[in-house]
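Let me begin by presenting the structure, written as C-alpha cells, before commenting on it.
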Amino acid sequence: MRNGSAEPEKTWREKYNETVEKEAVLKNRLDQLNQESRKWEEKYFETMEEEYAQKSLSNDPEIEDITKKLDKIQEGKKTYVKIRLTEAEKSMAEAGIAETVKLSEKMTVEAIDILENFLQEMVVDNGLPSLKGVRYDPSFINLYGGKDTVALYNWGDETMYIGEMLSDPDAYKQHRLLAERSYKKQRNEYEPTWRSTIDSLEKEIPEEDDSGRKKYLIKNRNDVLSGLISQRRLVAEDAKDAIIHEYGHHVHNKASSESNIFGSKELKSRKFAGSYEWGGVHEGKVTAAQVSDYATESPLEAFAESFTAYVKGEDIPESLKSVVEGAIEKTGGKLKQPVVKVPDSGIIKSKIANEEISVTKIQNLGKINTKVLEKEFGKIQTDDIIVTNERIDHIKERHPEDYDLFEKYGRESVSDPDLIIKDIKNKGTVFMIKKLPETNLNVVVRVVLETDDSKLKNSVMTFYRIRERNLKKLIEKNGMLYKKE
Ligand SMILES: [Zn+2]
C-alpha cells in the first residue's frame, strides 16, 4: 500500500448496493430464525416437553437484534432515495424525456431507476415522443382512476401520473402475480357458463330473420367470446410493464390527430359522445381479447395493451401489430421489437396454470361448528374449512407417519371433533382433537376472525398424533373450549 488515503471514495450507488445486500442477508437470517422457532414450538405442543419451549424462545434475542438493524437500514435507505430523486428529476428533464418531472421520496430507488431507464430508452435511444410531464401523484390517480389503477396517462396534458402501487416494484410484482391468479380462477369458474351462452347464441343467430336483432345477437356472442378468449387480465407483470402501458397511450396520442385517433378503423372502433368505443358487432374486441382482458375494455386500452406486449417482444394479432408499428413510425420513432420472443401467450397460460396447482390449490374439508368457537373468539366469518397443498406438504414432511391418518380422519376431525382446546400462544388458533381407540389426532386450525381478511377460510395449519399424557397437559395449560357429550 502506497499511502492510506489512496482509496477512492465510494459513490452513493455503491454504498446503496451494499446496503441492499446487507438487508437481504439479514432478512434471510430472520426468516431462518423464525422458521426454527416455529419448528420448536410445534415440537413442544406435540411432546409438551419444557426443553422445546425453551428452544423456541432461544432465538428471540437475535430476532430482536436483526429487527432493530433492519429498521435502521430502512431509515438509511431514505437518504439514498433523496439523492436518486434529485438526480432523476434533473437528468430526465435535461435529457428531454419530459418538460416537468416530479417524483417522490415515497418511491424506492428501484422504482425511480425503472421509470427513468425505460423512458430514456424510448425517448432518447429510440426517438419516440417526449412527454409534457411525469408526476408521482397518488391523489390524482385516486380521483380519476378506478380502484385498481396504478398509473394514468392524461391525453389532455400529455402527462404520465404515477400512483402509490408503483412506488415499490417488488410489492407491485407480487400484487400482479396474485391478481392474475384470482383473475384466472374467476375466469375458469365462468368458462362453462360462457360456453353454453355462446352455444345457444350460435344456434339462435342463423335462425334470426330480423337484421337488427341478428346484429344484436352477434354482438352479444362476441362480447362473451372475448371473455372466453382472454387468458390474462393485464399484459403487465411488473412496474416496468405498467409504465410501458401508460407510455403506449402517449405514443397513440401523438400519432393521432385532433379529430381522429390513430388506427381507429383498424381497431374497429367508433366515436360515440366524444369517446372511442367498440364499433360494428364488437369484432375488434374479439381480436383485442387475444392480448388481454383489459385490452377488450376499449380501443384505446387495446392499443396500450398491444403496445406493451409488442415492446415485451410477444406475438400479437397481425392487425394490432400493424397499428402499433404504424403509430411508432408516425411519431418518428424507431422501435425494434426484441428478437427473442419473451413469453408467448401459451407459456403465460401454462405458467399461471402451474402456479395455481402448486401454490393455491386447496382442498375443502367441509364445515366446522362455529357456534362453540364464537363463544371464545367472537364472530367467525365462515364455517368452511380448507387445507392448502403447501400445508399438506408440510404435514407429509414433518409428520410423515401421520399423513395417512390425516387422509383418513382429517375431515371427521374438524367437522366432528371430540375436544377443542384453545391455543393460547397463537391468535385465532385451536387444537381440534379426535379420539381414536389407539391414539388421539390433533388438528391445528386457524379460524377466520372478524378482524381477518374476508377472503380467507378457516384452515388446517398442521396435523399430528398426540399421546394421552400430552393431551392432558395441553388441556391443563390451554383450557378446553368444547367437549363432545
Ligand atoms: Zn390504459
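Residues in the C-alpha cells are named by chain (A, B, ... in the order shown) and by number from 1 within that chain; ligands are numbered from 1 in the order shown.
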
(request) Pick out the residues no farther than 7 Å from ligand 1, counting only C-alpha atoms and all ligand atoms, and list them as a list in words. (result) Leu152, His245, Glu246, His249, Glu301 and Ala304 of chain A

(message) Let's see if you can do this: from backbone DSSP, list all helix (DSSP H, G or I) residues in stretch 225-365 of chain A, as a PyMOL selection string.
(response) chain A and resi 225-229+239-255+283-288+294-296+299-311+318-330+345-360

File of the preceding selection, C-alpha atoms, as an mmCIF file, in the first residue's frame:
data_model
loop_
_atom_site.group_PDB
_atom_site.id
_atom_site.type_symbol
_atom_site.label_atom_id
_atom_site.label_comp_id
_atom_site.auth_asym_id
_atom_site.auth_seq_id
_atom_site.Cartn_x
_atom_site.Cartn_y
_atom_site.Cartn_z
ATOM 1 C CA LEU A 225 -66.403 -14.809 -26.754
ATOM 2 C CA SER A 226 -63.849 -12.150 -25.826
ATOM 3 C CA GLY A 227 -64.171 -13.133 -22.182
ATOM 4 C CA LEU A 228 -63.540 -16.719 -23.153
ATOM 5 C CA ILE A 229 -60.514 -15.867 -25.293
ATOM 6 C CA ALA A 239 -43.842 -1.952 -12.621
ATOM 7 C CA LYS A 240 -41.908 -1.509 -15.849
ATOM 8 C CA ASP A 241 -44.730 -3.046 -17.868
ATOM 9 C CA ALA A 242 -47.245 -0.746 -16.194
ATOM 10 C CA ILE A 243 -45.152 2.234 -17.283
ATOM 11 C CA ILE A 244 -44.871 0.830 -20.831
ATOM 12 C CA HIS A 245 -48.680 0.668 -20.946
ATOM 13 C CA GLU A 246 -49.090 4.336 -19.976
ATOM 14 C CA TYR A 247 -46.379 5.402 -22.370
ATOM 15 C CA GLY A 248 -48.218 3.431 -25.051
ATOM 16 C CA HIS A 249 -51.193 5.764 -24.616
ATOM 17 C CA HIS A 250 -48.823 8.683 -25.198
ATOM 18 C CA VAL A 251 -47.485 7.210 -28.443
ATOM 19 C CA HIS A 252 -51.085 6.658 -29.539
ATOM 20 C CA ASN A 253 -51.967 10.244 -28.618
ATOM 21 C CA LYS A 254 -49.029 11.702 -30.537
ATOM 22 C CA ALA A 255 -49.822 9.604 -33.611
ATOM 23 C CA GLU A 283 -65.268 -7.830 -33.700
ATOM 24 C CA GLY A 284 -62.371 -5.584 -32.573
ATOM 25 C CA LYS A 285 -62.993 -6.711 -29.039
ATOM 26 C CA VAL A 286 -62.557 -10.365 -30.013
ATOM 27 C CA THR A 287 -59.164 -9.572 -31.561
ATOM 28 C CA ALA A 288 -58.111 -7.484 -28.532
ATOM 29 C CA TYR A 294 -58.110 -5.328 -20.181
ATOM 30 C CA ALA A 295 -57.477 -4.735 -23.895
ATOM 31 C CA THR A 296 -61.160 -5.503 -24.516
ATOM 32 C CA PRO A 299 -59.946 0.533 -28.482
ATOM 33 C CA LEU A 300 -57.626 2.877 -26.558
ATOM 34 C CA GLU A 301 -56.797 0.183 -23.999
ATOM 35 C CA ALA A 302 -56.421 -2.308 -26.855
ATOM 36 C CA PHE A 303 -53.703 -0.079 -28.270
ATOM 37 C CA ALA A 304 -51.895 0.445 -24.944
ATOM 38 C CA GLU A 305 -52.032 -3.261 -24.096
ATOM 39 C CA SER A 306 -50.848 -4.216 -27.596
ATOM 40 C CA PHE A 307 -48.026 -1.672 -27.324
ATOM 41 C CA THR A 308 -46.940 -3.230 -24.016
ATOM 42 C CA ALA A 309 -46.998 -6.750 -25.428
ATOM 43 C CA TYR A 310 -45.140 -5.553 -28.539
ATOM 44 C CA VAL A 311 -42.391 -3.830 -26.534
ATOM 45 C CA GLU A 318 -51.267 -9.041 -37.024
ATOM 46 C CA SER A 319 -53.902 -6.270 -37.237
ATOM 47 C CA LEU A 320 -52.924 -4.880 -33.833
ATOM 48 C CA LYS A 321 -49.237 -5.221 -34.550
ATOM 49 C CA SER A 322 -49.550 -3.106 -37.680
ATOM 50 C CA VAL A 323 -51.436 -0.368 -35.803
ATOM 51 C CA VAL A 324 -48.718 -0.280 -33.112
ATOM 52 C CA GLU A 325 -45.922 -0.236 -35.689
ATOM 53 C CA GLY A 326 -47.771 2.413 -37.710
ATOM 54 C CA ALA A 327 -48.129 4.689 -34.677
ATOM 55 C CA ILE A 328 -44.466 4.320 -33.746
ATOM 56 C CA GLU A 329 -43.456 5.214 -37.276
ATOM 57 C CA LYS A 330 -45.827 8.170 -37.412
ATOM 58 C CA SER A 345 -49.248 -16.425 -24.546
ATOM 59 C CA GLY A 346 -49.012 -20.211 -24.375
ATOM 60 C CA ILE A 347 -46.191 -20.027 -21.890
ATOM 61 C CA ILE A 348 -48.038 -17.493 -19.791
ATOM 62 C CA LYS A 349 -51.036 -19.751 -19.733
ATOM 63 C CA SER A 350 -49.177 -22.784 -18.531
ATOM 64 C CA LYS A 351 -47.045 -20.788 -16.138
ATOM 65 C CA ILE A 352 -50.073 -19.388 -14.378
ATOM 66 C CA ALA A 353 -51.827 -22.723 -14.501
ATOM 67 C CA ASN A 354 -48.896 -24.499 -12.858
ATOM 68 C CA GLU A 355 -48.640 -21.968 -10.102
ATOM 69 C CA GLU A 356 -52.322 -22.411 -9.477
ATOM 70 C CA ILE A 357 -51.779 -26.081 -8.960
ATOM 71 C CA SER A 358 -48.699 -25.909 -6.786
ATOM 72 C CA VAL A 359 -49.357 -22.813 -4.701
ATOM 73 C CA THR A 360 -53.008 -22.034 -4.402
#

Return as JSON lines the residues of stretch 157-203 of chain A lying at most 10 Å from stretch 92-104 of chain A, together with the closest atom-to-atom pair for each and the distance in Å to one decimal, counting only C-alpha atoms, with rows in chain order and ascending residue number.
{"residue": "A:Glu158", "atom": "CA", "partner": "A:Ala98", "partner_atom": "CA", "distance": 9.6}
{"residue": "A:Thr159", "atom": "CA", "partner": "A:Ala98", "partner_atom": "CA", "distance": 8.6}
{"residue": "A:Met160", "atom": "CA", "partner": "A:Ala98", "partner_atom": "CA", "distance": 9.6}
{"residue": "A:Tyr161", "atom": "CA", "partner": "A:Lys102", "partner_atom": "CA", "distance": 9.6}
{"residue": "A:Ile162", "atom": "CA", "partner": "A:Leu103", "partner_atom": "CA", "distance": 8.5}
{"residue": "A:Glu164", "atom": "CA", "partner": "A:Ser104", "partner_atom": "CA", "distance": 9.9}
{"residue": "A:Ser167", "atom": "CA", "partner": "A:Ser104", "partner_atom": "CA", "distance": 8.6}

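Put simply, atom CA of A:Tyr16 is 25.9 Å away from atom CA of A:Glu237.
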
(request) Looking only at strand (DSSP E) from DSSP on the backbone, list the matching residues of stretch 100-178 of chain A as a PyMOL selection string. (result) chain A and resi 100-102+131-136+151-154+159-162

Output C-alpha atoms for every residue in the selection just made, as a PDB file, in the first residue's frame.
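Result file again_0.pdb:
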ATOM      1  CA  THR A 100     -41.554  18.668 -15.899  1.00  0.00           C
ATOM      2  CA  VAL A 101     -40.640  15.705 -13.740  1.00  0.00           C
ATOM      3  CA  LYS A 102     -41.975  15.475 -10.209  1.00  0.00           C
ATOM      4  CA  LEU A 131     -43.877  13.744 -22.526  1.00  0.00           C
ATOM      5  CA  LYS A 132     -45.066  17.052 -21.156  1.00  0.00           C
ATOM      6  CA  GLY A 133     -44.960  15.733 -17.626  1.00  0.00           C
ATOM      7  CA  VAL A 134     -44.123  12.768 -15.445  1.00  0.00           C
ATOM      8  CA  ARG A 135     -45.605  13.072 -11.961  1.00  0.00           C
ATOM      9  CA  TYR A 136     -45.849  10.933  -8.877  1.00  0.00           C
ATOM     10  CA  ALA A 151     -50.749   4.821 -13.168  1.00  0.00           C
ATOM     11  CA  LEU A 152     -52.584   7.054 -15.601  1.00  0.00           C
ATOM     12  CA  TYR A 153     -51.892   8.883 -18.804  1.00  0.00           C
ATOM     13  CA  ASN A 154     -53.843  12.036 -19.394  1.00  0.00           C
ATOM     14  CA  THR A 159     -48.644  13.696 -18.612  1.00  0.00           C
ATOM     15  CA  MET A 160     -47.953  10.331 -17.062  1.00  0.00           C
ATOM     16  CA  TYR A 161     -49.203  10.087 -13.484  1.00  0.00           C
ATOM     17  CA  ILE A 162     -47.616   7.500 -11.203  1.00  0.00           C
TER      18      ILE A 162
END

(request) Tell me, as a PyMOL selection string, which residues lie within 10 Å of stretch 391-396 of chain A, counting only C-alpha atoms; anything in the same chain fewer than 6 positions away does not count. (result) chain A and resi 362-363+402-404+406-407+459-464

Restricting it to C-alpha atoms, dump the selection as a PDB file, in the first residue's frame.
ATOM      1  CA  ILE A 362     -56.739 -26.077  -1.768  1.00  0.00           C
ATOM      2  CA  GLN A 363     -58.815 -28.953  -0.570  1.00  0.00           C
ATOM      3  CA  ASP A 402     -49.262 -39.393  10.463  1.00  0.00           C
ATOM      4  CA  TYR A 403     -50.217 -38.389   6.964  1.00  0.00           C
ATOM      5  CA  ASP A 404     -52.306 -41.488   6.226  1.00  0.00           C
ATOM      6  CA  PHE A 406     -54.931 -37.271   8.161  1.00  0.00           C
ATOM      7  CA  GLU A 407     -56.231 -38.533   4.826  1.00  0.00           C
ATOM      8  CA  SER A 459     -57.659 -23.626   7.586  1.00  0.00           C
ATOM      9  CA  VAL A 460     -55.637 -26.539   8.852  1.00  0.00           C
ATOM     10  CA  MET A 461     -52.134 -25.497   9.857  1.00  0.00           C
ATOM     11  CA  THR A 462     -50.785 -28.897  10.769  1.00  0.00           C
ATOM     12  CA  PHE A 463     -51.745 -32.323  11.977  1.00  0.00           C
ATOM     13  CA  TYR A 464     -50.171 -34.981  14.145  1.00  0.00           C
TER      14      TYR A 464
END

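Distance-wise, atom CA of A:Lys27 and atom CA of A:Asn59 end up 14.5 Å apart.
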
(message) Give me, as a count of residues only, all polymer residues having an atom no more than 12 Å from stretch 20-22 of chain A, counting only C-alpha atoms and skipping those fewer than 5 positions away in the same chain.
(response) 18

Contact residues around stretch 118-128 of chain A with only C-alpha atoms at 7 Å, ignoring same-chain residues under 2 positions, as an mmCIF file with N, CA and C atoms, in the first residue's frame:
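Saved to selection19.cif:
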data_model
loop_
_atom_site.group_PDB
_atom_site.id
_atom_site.type_symbol
_atom_site.label_atom_id
_atom_site.label_comp_id
_atom_site.auth_asym_id
_atom_site.auth_seq_id
_atom_site.Cartn_x
_atom_site.Cartn_y
_atom_site.Cartn_z
ATOM 1 N N ILE A 97 -36.772 14.008 -21.688
ATOM 2 C CA ILE A 97 -37.784 12.959 -21.551
ATOM 3 C C ILE A 97 -39.138 13.589 -21.268
ATOM 4 N N ILE A 114 -36.350 2.231 -12.690
ATOM 5 C CA ILE A 114 -37.170 1.604 -13.734
ATOM 6 C C ILE A 114 -37.805 2.668 -14.624
ATOM 7 N N LEU A 115 -38.367 3.681 -13.992
ATOM 8 C CA LEU A 115 -39.035 4.757 -14.724
ATOM 9 C C LEU A 115 -38.057 5.492 -15.637
ATOM 10 N N GLU A 116 -36.943 5.923 -15.068
ATOM 11 C CA GLU A 116 -36.004 6.699 -15.877
ATOM 12 C C GLU A 116 -35.400 5.856 -16.995
ATOM 13 N N SER A 130 -41.436 12.725 -26.570
ATOM 14 C CA SER A 130 -41.246 13.078 -25.166
ATOM 15 C C SER A 130 -42.589 13.457 -24.551
ATOM 16 N N THR A 331 -44.854 8.748 -35.238
ATOM 17 C CA THR A 331 -44.256 9.699 -34.284
ATOM 18 C C THR A 331 -42.772 9.928 -34.575
ATOM 19 N N GLY A 332 -42.267 9.256 -35.583
ATOM 20 C CA GLY A 332 -40.857 9.444 -35.936
ATOM 21 C C GLY A 332 -39.918 8.565 -35.133
ATOM 22 N N GLY A 333 -40.480 7.675 -34.361
ATOM 23 C CA GLY A 333 -39.638 6.803 -33.540
ATOM 24 C C GLY A 333 -39.266 5.532 -34.287
ATOM 25 N N LYS A 334 -38.261 4.884 -33.764
ATOM 26 C CA LYS A 334 -37.869 3.584 -34.324
ATOM 27 C C LYS A 334 -37.799 2.627 -33.157
ATOM 28 N N LEU A 335 -38.574 1.589 -33.239
ATOM 29 C CA LEU A 335 -38.549 0.652 -32.123
ATOM 30 C C LEU A 335 -38.443 -0.746 -32.677
#
